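K.L.:
Attaching a single structure in structure tokens format; questions to follow.
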Amino acid sequence: MSRVAIIGAGIGGLATAIGLQRHGWDVSVLERSAPDSQVGAGLSLFANGFRALDAIGVGDAVRAMAGPEQVLTAGSRRRDGRWLATTPPGAVRELRVVHRADLHRVLTAELGPGTIAYGKNVVEPLTGYDVVVAADGLRSPTRGTDIRYSGYTSWRGVTERPVDLLGGAGESLGRGERFGLAPLPDGRVYWFGVASTPAGTAFPDEFAEIRRRFEGWHAPIAEVLDATGPAAVVRTDIYDLAKPLASYVRGTTVLLGDAAHAMTPDLGQGANMALEDAATLSHLLSARPIAEALTAYDRNRRPRTQALARRARLMGRLLQSRSPQRDTLLRLTPASVVAR
Ligand SMILES: Cc1cc2nc3c(=O)[nH]c(=O)nc-3n(C[C@H](O)[C@H](O)[C@H](O)COP(=O)(O)OP(=O)(O)OC[C@H]3O[C@@H](n4cnc5c(N)ncnc54)[C@H](O)[C@@H]3O)c2cc1C
């Protein structure tokens, strides 16, 4: 039986472990943190992410705990609530929002007992495995190349109780600031705030800073913040890779997910790409000799993921722009393009 070590029990590592275990591989996942320590709030999954989950056999388990398909008008609004661009319900195929902790729980439950070893910080190259998958995230010690600050930071939260979104979801745009709203299956709301700030800026009271920045924005933003416990808010400075990698494969070690192609979250595709990587890699490793499979994985995944990373960065720059022309551009963009 072929042996694989997977570094990191994030979404990419867990999905790869499921895919390979189902193809009969002997899988060990090494995760530096403790069980259930995954932070985060909501996560948008799109049709491509669900296709990848279907390929590893867990699509329906995730659908069962995900939010409804897009049921509200979504798109971009001004801070006063006037729509700039809309995607009507149903225009984006199978966009659903999940709670990140729920997704982790569902994926972890699909693995055989003892597959994941927690509290294992991998710092040395691993030996004794046929393949090592580095799914160790943005700051991957295995990859070891530079990351680049995007110029903006984010706060993410989930309300403690249901809040009526008044028929609309998506992002609202200020000058160098954005606020996003999305419904979770039980009526609670996943929200995020984004603001242009120098890297590493610390605020004495993060929640007070969010309130100050988004005060006076359209309803129900104030109500959503009122319904959120400050302790559950996650602050994340946004980075991506400074330069696209020349290869995702080094010998029998293969990079996957953010370790390979960390992108800014402006298209909501980072985790979806990690799922696609996982489905592709486990399929190829079950169908071909290892060296051939890894070469095919690199050839298949690098162009798509690097193109999306480029587009995400451009989208982030546009959305964070303080120029009034941004709003004109968004207003003039046809709905079909927004949906795509
Ligand atoms: C604000 C924000 C919003 C986002 N929203 C979306 C969205 O809506 N949709 C979407 O698709 N994506 C979104 N993303 C991106 C998404 O979160 C990532 O792309 C995704 O989590 C990457 O998964 P991963 O498994 O590659 O890495 P990670 O989730 O980072 O997992 C890496 C794991 O490796 C472990 N690890 C690291 N180093 C070691 C080590 N040395 N030894 C052992 N373990 C180690 C870590 O503890 C971690 O568990 C968002 C990101 C941000 C910052």
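The way I read the labels, and the way they are meant: chains A, B, ... in the order of the structure tokens, residue 1 as the first residue of every chain, and ligand 1 as the first ligand shown, with later ones counted on from there.
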Sort by chain and increasing residue number a table of all residues of chain A within 8 Å of ligand 1, each with its closest pair of atoms and their distance in Å to one decimal, counting only C-alpha atoms and all ligand atoms, and write it as CSV.

P.N.:
```
residue,atom,partner,partner_atom_place_in_ligand_line,distance
A:Ile7,CA,ligand 1,43 (C),5.2
A:Gly8,CA,ligand 1,34 (O),3.2
A:Ala9,CA,ligand 1,49 (O),4.7
A:Gly10,CA,ligand 1,31 (O),3.5
A:Ile11,CA,ligand 1,25 (O),4.0
A:Gly12,CA,ligand 1,25 (O),3.6
A:Gly13,CA,ligand 1,25 (O),5.3
A:Leu14,CA,ligand 1,25 (O),7.4
A:Leu30,CA,ligand 1,43 (C),5.4
A:Glu31,CA,ligand 1,44 (N),3.9
A:Arg32,CA,ligand 1,43 (C),3.9
A:Ser33,CA,ligand 1,47 (O),5.3
A:Gln38,CA,ligand 1,49 (O),6.9
A:Gly42,CA,ligand 1,8 (O),6.7
A:Leu43,CA,ligand 1,8 (O),3.8
A:Ser44,CA,ligand 1,8 (O),3.8
A:Leu45,CA,ligand 1,11 (O),5.8
A:Phe46,CA,ligand 1,11 (O),7.8
A:Gly49,CA,ligand 1,11 (O),7.8
A:Val97,CA,ligand 1,8 (O),7.6
A:Gly119,CA,ligand 1,43 (C),7.7
A:Lys120,CA,ligand 1,43 (C),5.6
A:Asn121,CA,ligand 1,42 (N),3.7
A:Val122,CA,ligand 1,42 (N),3.9
A:Val123,CA,ligand 1,41 (N),5.5
A:Ala135,CA,ligand 1,26 (O),5.3
A:Asp136,CA,ligand 1,34 (O),3.5
A:Gly137,CA,ligand 1,30 (O),3.7
A:Leu138,CA,ligand 1,30 (O),5.8
A:Arg139,CA,ligand 1,38 (N),7.0
A:Ser140,CA,ligand 1,38 (N),5.6
A:Pro141,CA,ligand 1,41 (N),5.8
A:Thr142,CA,ligand 1,41 (N),7.6
A:Ser154,CA,ligand 1,1 (C),5.6
A:Trp155,CA,ligand 1,1 (C),6.9
A:Arg156,CA,ligand 1,1 (C),6.6
A:Phe192,CA,ligand 1,1 (C),7.4
A:Arg235,CA,ligand 1,1 (C),8.0
A:Thr236,CA,ligand 1,53 (C),5.9
A:Asp237,CA,ligand 1,53 (C),7.3
A:Ile238,CA,ligand 1,53 (C),5.9
A:Tyr239,CA,ligand 1,53 (C),7.9
A:Leu256,CA,ligand 1,26 (O),6.2
A:Gly257,CA,ligand 1,26 (O),3.4
A:Asp258,CA,ligand 1,26 (O),3.9
A:Ala259,CA,ligand 1,26 (O),5.8
A:Ala260,CA,ligand 1,26 (O),7.8
A:Ala262,CA,ligand 1,19 (O),6.3
A:Met263,CA,ligand 1,19 (O),7.0
A:Thr264,CA,ligand 1,51 (C),6.9
A:Pro265,CA,ligand 1,50 (C),4.6
A:Asp266,CA,ligand 1,5 (N),7.7
A:Leu267,CA,ligand 1,9 (N),7.4
A:Gly268,CA,ligand 1,9 (N),3.6
A:Gln269,CA,ligand 1,11 (O),3.7
A:Gly270,CA,ligand 1,19 (O),3.2
A:Ala271,CA,ligand 1,11 (O),3.4
A:Asn272,CA,ligand 1,11 (O),4.3
A:Met273,CA,ligand 1,11 (O),6.8
A:Ala274,CA,ligand 1,26 (O),5.5
```

K.L.:
So that I can see what lies close to stretch 22-24 of chain A, please list as a list in words the residues with an atom at most 10 Å from it, counting only C-alpha atoms and leaving out residues fewer than 2 positions away in the same chain.

P.N.:
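Contacts, with the query itself left out: Met1, Ser2, Arg3, Thr16, Ala17, Ile18, Gly19, Leu20, Asp26, Val27, Ile56, Gly57, Glu110, Leu111, Gly112, Ser282, His283, Leu285, Ser286 and Ala287 of chain A.
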
K.L.:
Print the selection's residues with N, CA and C atoms to a file, as an mmCIF file, in the first residue's frame.

P.N.:
```cif
data_model
loop_
_atom_site.group_PDB
_atom_site.id
_atom_site.type_symbol
_atom_site.label_atom_id
_atom_site.label_comp_id
_atom_site.auth_asym_id
_atom_site.auth_seq_id
_atom_site.Cartn_x
_atom_site.Cartn_y
_atom_site.Cartn_z
ATOM 1 N N MET A 1 0.846 -1.197 0.000
ATOM 2 C CA MET A 1 0.000 0.000 0.000
ATOM 3 C C MET A 1 0.886 1.254 0.000
ATOM 4 N N SER A 2 0.553 2.225 -0.875
ATOM 5 C CA SER A 2 1.372 3.447 -0.933
ATOM 6 C C SER A 2 1.083 4.326 0.276
ATOM 7 N N ARG A 3 2.151 4.991 0.768
ATOM 8 C CA ARG A 3 2.020 5.815 1.985
ATOM 9 C C ARG A 3 2.158 7.291 1.641
ATOM 10 N N THR A 16 -7.770 16.139 0.552
ATOM 11 C CA THR A 16 -6.816 15.231 -0.084
ATOM 12 C C THR A 16 -6.769 13.910 0.679
ATOM 13 N N ALA A 17 -6.800 14.001 2.000
ATOM 14 C CA ALA A 17 -6.767 12.782 2.828
ATOM 15 C C ALA A 17 -7.981 11.899 2.518
ATOM 16 N N ILE A 18 -9.155 12.521 2.391
ATOM 17 C CA ILE A 18 -10.368 11.742 2.091
ATOM 18 C C ILE A 18 -10.224 11.069 0.723
ATOM 19 N N GLY A 19 -9.815 11.867 -0.284
ATOM 20 C CA GLY A 19 -9.687 11.339 -1.647
ATOM 21 C C GLY A 19 -8.724 10.160 -1.699
ATOM 22 N N LEU A 20 -7.564 10.302 -1.076
ATOM 23 C CA LEU A 20 -6.557 9.239 -1.168
ATOM 24 C C LEU A 20 -6.943 8.030 -0.328
ATOM 25 N N ASP A 26 -2.479 4.625 2.318
ATOM 26 C CA ASP A 26 -2.243 4.695 3.764
ATOM 27 C C ASP A 26 -1.915 6.175 4.067
ATOM 28 N N VAL A 27 -2.868 6.881 4.715
ATOM 29 C CA VAL A 27 -2.771 8.337 4.844
ATOM 30 C C VAL A 27 -2.477 8.757 6.287
ATOM 31 N N ILE A 56 -14.626 13.539 -4.535
ATOM 32 C CA ILE A 56 -14.037 12.758 -3.429
ATOM 33 C C ILE A 56 -15.136 12.111 -2.580
ATOM 34 N N GLY A 57 -16.395 12.252 -3.005
ATOM 35 C CA GLY A 57 -17.491 11.491 -2.379
ATOM 36 C C GLY A 57 -18.163 12.156 -1.186
ATOM 37 N N GLU A 110 -15.186 12.175 7.884
ATOM 38 C CA GLU A 110 -15.102 11.218 6.771
ATOM 39 C C GLU A 110 -13.823 10.382 6.823
ATOM 40 N N LEU A 111 -12.881 10.769 7.691
ATOM 41 C CA LEU A 111 -11.586 10.068 7.724
ATOM 42 C C LEU A 111 -11.598 8.913 8.710
ATOM 43 N N GLY A 112 -10.811 7.892 8.413
ATOM 44 C CA GLY A 112 -10.688 6.765 9.329
ATOM 45 C C GLY A 112 -10.134 7.228 10.666
ATOM 46 N N SER A 282 -5.827 13.455 -5.921
ATOM 47 C CA SER A 282 -6.151 12.090 -5.501
ATOM 48 C C SER A 282 -6.576 11.241 -6.696
ATOM 49 N N HIS A 283 -7.256 11.854 -7.665
ATOM 50 C CA HIS A 283 -7.611 11.088 -8.868
ATOM 51 C C HIS A 283 -6.342 10.650 -9.612
ATOM 52 N N LEU A 285 -3.209 10.357 -8.577
ATOM 53 C CA LEU A 285 -2.361 9.398 -7.855
ATOM 54 C C LEU A 285 -2.977 8.006 -7.826
ATOM 55 N N SER A 286 -4.306 7.927 -8.010
ATOM 56 C CA SER A 286 -4.923 6.597 -8.011
ATOM 57 C C SER A 286 -4.881 5.968 -9.397
ATOM 58 N N ALA A 287 -4.600 6.805 -10.421
ATOM 59 C CA ALA A 287 -4.709 6.302 -11.793
ATOM 60 C C ALA A 287 -3.350 6.140 -12.487
#
```

K.L.:
Write out as a ChimeraX atom specification which residues come within 8 Å of A:Arg302 when counting only C-alpha atoms, dropping same-chain ones fewer than 4 positions away.

P.N.:
/A:247-248,298,306

K.L.:
Those residues with C-alpha atoms, as a PDB file, in the first residue's frame please?

P.N.:
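Okay, this is what ended up in selection_5.pdb:
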```
ATOM      1  CA  SER A 247       6.378  24.386 -10.098  1.00  0.00           C
ATOM      2  CA  TYR A 248       4.105  22.878  -7.434  1.00  0.00           C
ATOM      3  CA  ASP A 298       1.414  20.511 -11.777  1.00  0.00           C
ATOM      4  CA  GLN A 306      -2.232  31.258 -10.873  1.00  0.00           C
TER       5      GLN A 306
END
```

K.L.:
Determine, counting only C-alpha atoms, which protein, DNA and RNA residues have an atom within 6 Å of an atom of stretch 73-83 of chain A; residues of the same chain fewer than 2 positions away are not included. Present the result as a PyMOL selection string.

P.N.:
chain A and resi 85-89+168-174+217-218

K.L.:
Expressed in Å to a single decimal, how great is the separation between atom CA of A:Val62 and atom CA of A:Ala279?

P.N.:
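The value is 15.0 Å.
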
K.L.:
Got a sec: who's within 10 Å of A:Leu284, counting only C-alpha atoms, leaving out chain neighbours fewer than 6 positions off, as a JSON list (two decimals) with all heavy atoms, in the first residue's frame?

P.N.:
```json
[["chain", "number", "residue", "atom", "x", "y", "z"],
["A", 20, "LEU", "N", -7.56, 10.30, -1.08],
["A", 20, "LEU", "CA", -6.56, 9.24, -1.17],
["A", 20, "LEU", "C", -6.94, 8.03, -0.33],
["A", 20, "LEU", "O", -6.72, 6.88, -0.73],
["A", 20, "LEU", "CB", -5.18, 9.78, -0.75],
["A", 20, "LEU", "CG", -4.54, 10.71, -1.80],
["A", 20, "LEU", "CD1", -3.24, 11.31, -1.28],
["A", 20, "LEU", "CD2", -4.26, 9.95, -3.11],
["A", 278, "ALA", "N", -7.26, 19.05, -4.45],
["A", 278, "ALA", "CA", -7.35, 17.77, -3.72],
["A", 278, "ALA", "C", -7.99, 16.69, -4.59],
["A", 278, "ALA", "O", -7.50, 15.55, -4.66],
["A", 278, "ALA", "CB", -8.16, 17.98, -2.44],
["A", 290, "ILE", "N", 3.44, 7.41, -9.64],
["A", 290, "ILE", "CA", 3.55, 8.64, -8.84],
["A", 290, "ILE", "C", 4.19, 9.81, -9.62],
["A", 290, "ILE", "O", 3.64, 10.91, -9.67],
["A", 290, "ILE", "CB", 4.32, 8.35, -7.53],
["A", 290, "ILE", "CG1", 3.41, 7.52, -6.61],
["A", 290, "ILE", "CG2", 4.75, 9.64, -6.83],
["A", 290, "ILE", "CD1", 4.07, 6.96, -5.38],
["A", 292, "GLU", "N", 4.54, 10.42, -12.74],
["A", 292, "GLU", "CA", 3.67, 10.88, -13.84],
["A", 292, "GLU", "C", 2.48, 11.67, -13.28],
["A", 292, "GLU", "O", 2.09, 12.70, -13.82],
["A", 292, "GLU", "CB", 3.15, 9.64, -14.56],
["A", 292, "GLU", "CG", 2.97, 9.80, -16.04],
["A", 292, "GLU", "CD", 2.45, 8.49, -16.63],
["A", 292, "GLU", "OE1", 3.27, 7.55, -16.81],
["A", 292, "GLU", "OE2", 1.24, 8.40, -16.83],
["A", 293, "ALA", "N", 1.92, 11.17, -12.19],
["A", 293, "ALA", "CA", 0.74, 11.83, -11.58],
["A", 293, "ALA", "C", 1.11, 13.23, -11.09],
["A", 293, "ALA", "O", 0.36, 14.19, -11.29],
["A", 293, "ALA", "CB", 0.23, 10.99, -10.42],
["A", 294, "LEU", "N", 2.29, 13.36, -10.47],
["A", 294, "LEU", "CA", 2.67, 14.67, -9.93],
["A", 294, "LEU", "C", 2.95, 15.67, -11.06],
["A", 294, "LEU", "O", 2.59, 16.85, -10.97],
["A", 294, "LEU", "CB", 3.90, 14.54, -9.01],
["A", 294, "LEU", "CG", 3.68, 13.67, -7.76],
["A", 294, "LEU", "CD1", 4.90, 13.74, -6.84],
["A", 294, "LEU", "CD2", 2.43, 14.09, -6.99],
["A", 295, "THR", "N", 3.56, 15.19, -12.13],
["A", 295, "THR", "CA", 3.80, 16.07, -13.29],
["A", 295, "THR", "C", 2.46, 16.53, -13.87],
["A", 295, "THR", "O", 2.27, 17.71, -14.19],
["A", 295, "THR", "CB", 4.60, 15.31, -14.38],
["A", 295, "THR", "OG1", 5.78, 14.82, -13.78],
["A", 295, "THR", "CG2", 4.95, 16.20, -15.56],
["A", 296, "ALA", "N", 1.51, 15.61, -13.98],
["A", 296, "ALA", "CA", 0.20, 15.96, -14.55],
["A", 296, "ALA", "C", -0.53, 16.93, -13.63],
["A", 296, "ALA", "O", -1.19, 17.87, -14.10],
["A", 296, "ALA", "CB", -0.62, 14.69, -14.77],
["A", 297, "TYR", "N", -0.41, 16.73, -12.31],
["A", 297, "TYR", "CA", -1.04, 17.64, -11.34],
["A", 297, "TYR", "C", -0.51, 19.06, -11.54],
["A", 297, "TYR", "O", -1.27, 20.03, -11.64],
["A", 297, "TYR", "CB", -0.76, 17.14, -9.92],
["A", 297, "TYR", "CG", -1.08, 18.14, -8.83],
["A", 297, "TYR", "CD1", -2.37, 18.29, -8.34],
["A", 297, "TYR", "CD2", -0.06, 18.91, -8.25],
["A", 297, "TYR", "CE1", -2.66, 19.21, -7.34],
["A", 297, "TYR", "CE2", -0.33, 19.82, -7.25],
["A", 297, "TYR", "CZ", -1.63, 19.97, -6.79],
["A", 297, "TYR", "OH", -1.90, 20.89, -5.79]]
```

K.L.:
Run DSSP on the backbone of this structure and report the residues of stretch 92-128 of chain A it assigns to strand (DSSP E), as a ChimeraX atom specification.

P.N.:
/A:96-99,116-118

K.L.:
Would you output that residue set with N, CA and C atoms, as an mmCIF file, in the first residue's frame?

P.N.:
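What landed in part32.cif:
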```cif
data_model
loop_
_atom_site.group_PDB
_atom_site.id
_atom_site.type_symbol
_atom_site.label_atom_id
_atom_site.label_comp_id
_atom_site.auth_asym_id
_atom_site.auth_seq_id
_atom_site.Cartn_x
_atom_site.Cartn_y
_atom_site.Cartn_z
ATOM 1 N N ARG A 96 -23.126 28.608 -2.186
ATOM 2 C CA ARG A 96 -23.662 28.402 -0.846
ATOM 3 C C ARG A 96 -22.609 28.841 0.165
ATOM 4 N N VAL A 97 -23.071 29.327 1.299
ATOM 5 C CA VAL A 97 -22.144 29.740 2.351
ATOM 6 C C VAL A 97 -22.186 28.705 3.463
ATOM 7 N N VAL A 98 -21.019 28.300 3.915
ATOM 8 C CA VAL A 98 -20.946 27.334 5.017
ATOM 9 C C VAL A 98 -20.218 27.985 6.181
ATOM 10 N N HIS A 99 -20.442 27.470 7.371
ATOM 11 C CA HIS A 99 -19.608 27.877 8.491
ATOM 12 C C HIS A 99 -18.344 27.032 8.416
ATOM 13 N N ILE A 116 -5.559 11.652 11.596
ATOM 14 C CA ILE A 116 -4.926 12.952 11.864
ATOM 15 C C ILE A 116 -4.162 12.898 13.185
ATOM 16 N N ALA A 117 -2.896 13.320 13.140
ATOM 17 C CA ALA A 117 -2.127 13.487 14.380
ATOM 18 C C ALA A 117 -2.035 14.987 14.655
ATOM 19 N N TYR A 118 -2.619 15.419 15.774
ATOM 20 C CA TYR A 118 -2.617 16.849 16.122
ATOM 21 C C TYR A 118 -1.370 17.184 16.950
#
```

K.L.:
Return as a PDB file with C-alpha atoms, in the first residue's frame the full set of residues in stretch 113-282 of chain A whose backbone-based DSSP assignment is helix (DSSP H, G or I).

P.N.:
```pdb
ATOM      1  CA  GLU A 206     -10.849  45.867  17.241  1.00  0.00           C
ATOM      2  CA  PHE A 207     -14.615  45.729  17.607  1.00  0.00           C
ATOM      3  CA  ALA A 208     -14.862  49.455  18.371  1.00  0.00           C
ATOM      4  CA  GLU A 209     -12.801  50.061  15.214  1.00  0.00           C
ATOM      5  CA  ILE A 210     -15.262  48.040  13.097  1.00  0.00           C
ATOM      6  CA  ARG A 211     -18.206  49.926  14.587  1.00  0.00           C
ATOM      7  CA  ARG A 212     -16.540  53.265  13.964  1.00  0.00           C
ATOM      8  CA  ARG A 213     -15.689  52.438  10.340  1.00  0.00           C
ATOM      9  CA  PHE A 214     -19.086  51.081   9.353  1.00  0.00           C
ATOM     10  CA  ILE A 221     -25.165  46.358   9.042  1.00  0.00           C
ATOM     11  CA  ALA A 222     -25.567  48.000  12.478  1.00  0.00           C
ATOM     12  CA  GLU A 223     -28.009  45.278  13.547  1.00  0.00           C
ATOM     13  CA  VAL A 224     -25.629  42.552  12.325  1.00  0.00           C
ATOM     14  CA  LEU A 225     -22.823  44.049  14.448  1.00  0.00           C
ATOM     15  CA  ASP A 226     -25.174  44.373  17.451  1.00  0.00           C
ATOM     16  CA  PRO A 230     -16.822  40.714  19.814  1.00  0.00           C
ATOM     17  CA  ALA A 231     -14.810  37.724  21.073  1.00  0.00           C
ATOM     18  CA  ALA A 232     -15.748  35.674  17.987  1.00  0.00           C
ATOM     19  CA  ASP A 258      -2.739  28.103  -0.180  1.00  0.00           C
ATOM     20  CA  ALA A 259       0.741  26.595   0.140  1.00  0.00           C
ATOM     21  CA  ALA A 260       0.870  26.489  -3.670  1.00  0.00           C
ATOM     22  CA  HIS A 261      -1.147  29.549  -4.653  1.00  0.00           C
ATOM     23  CA  PRO A 265     -10.097  36.397  -0.946  1.00  0.00           C
ATOM     24  CA  ASP A 266     -11.662  38.848  -3.408  1.00  0.00           C
ATOM     25  CA  LEU A 267     -13.208  36.134  -5.603  1.00  0.00           C
ATOM     26  CA  GLY A 270      -9.105  30.064  -2.294  1.00  0.00           C
ATOM     27  CA  ALA A 271     -10.770  27.124  -0.566  1.00  0.00           C
ATOM     28  CA  ASN A 272     -12.590  26.145  -3.765  1.00  0.00           C
ATOM     29  CA  MET A 273      -9.188  25.906  -5.483  1.00  0.00           C
ATOM     30  CA  ALA A 274      -7.806  23.832  -2.594  1.00  0.00           C
ATOM     31  CA  LEU A 275     -10.745  21.426  -3.080  1.00  0.00           C
ATOM     32  CA  GLU A 276     -10.115  21.226  -6.832  1.00  0.00           C
ATOM     33  CA  ASP A 277      -6.399  20.555  -6.139  1.00  0.00           C
ATOM     34  CA  ALA A 278      -7.346  17.769  -3.719  1.00  0.00           C
ATOM     35  CA  ALA A 279      -9.778  16.076  -6.115  1.00  0.00           C
ATOM     36  CA  THR A 280      -7.310  16.307  -9.014  1.00  0.00           C
ATOM     37  CA  LEU A 281      -4.329  15.038  -7.042  1.00  0.00           C
ATOM     38  CA  SER A 282      -6.151  12.090  -5.501  1.00  0.00           C
TER      39      SER A 282
END
```

K.L.:
Counting only C-alpha atoms, which residue out of A:Gly251, A:Pro244, A:Gly176, A:Gly167 sits closest to A:Val131?

P.N.:
A:Gly251

K.L.:
Using atom CA of A:Arg100 and atom CA of A:Ala41 as the two end points, give the distance in Å to one decimal.

P.N.:
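Going from atom CA of A:Arg100 over to atom CA of A:Ala41 covers 5.7 Å.
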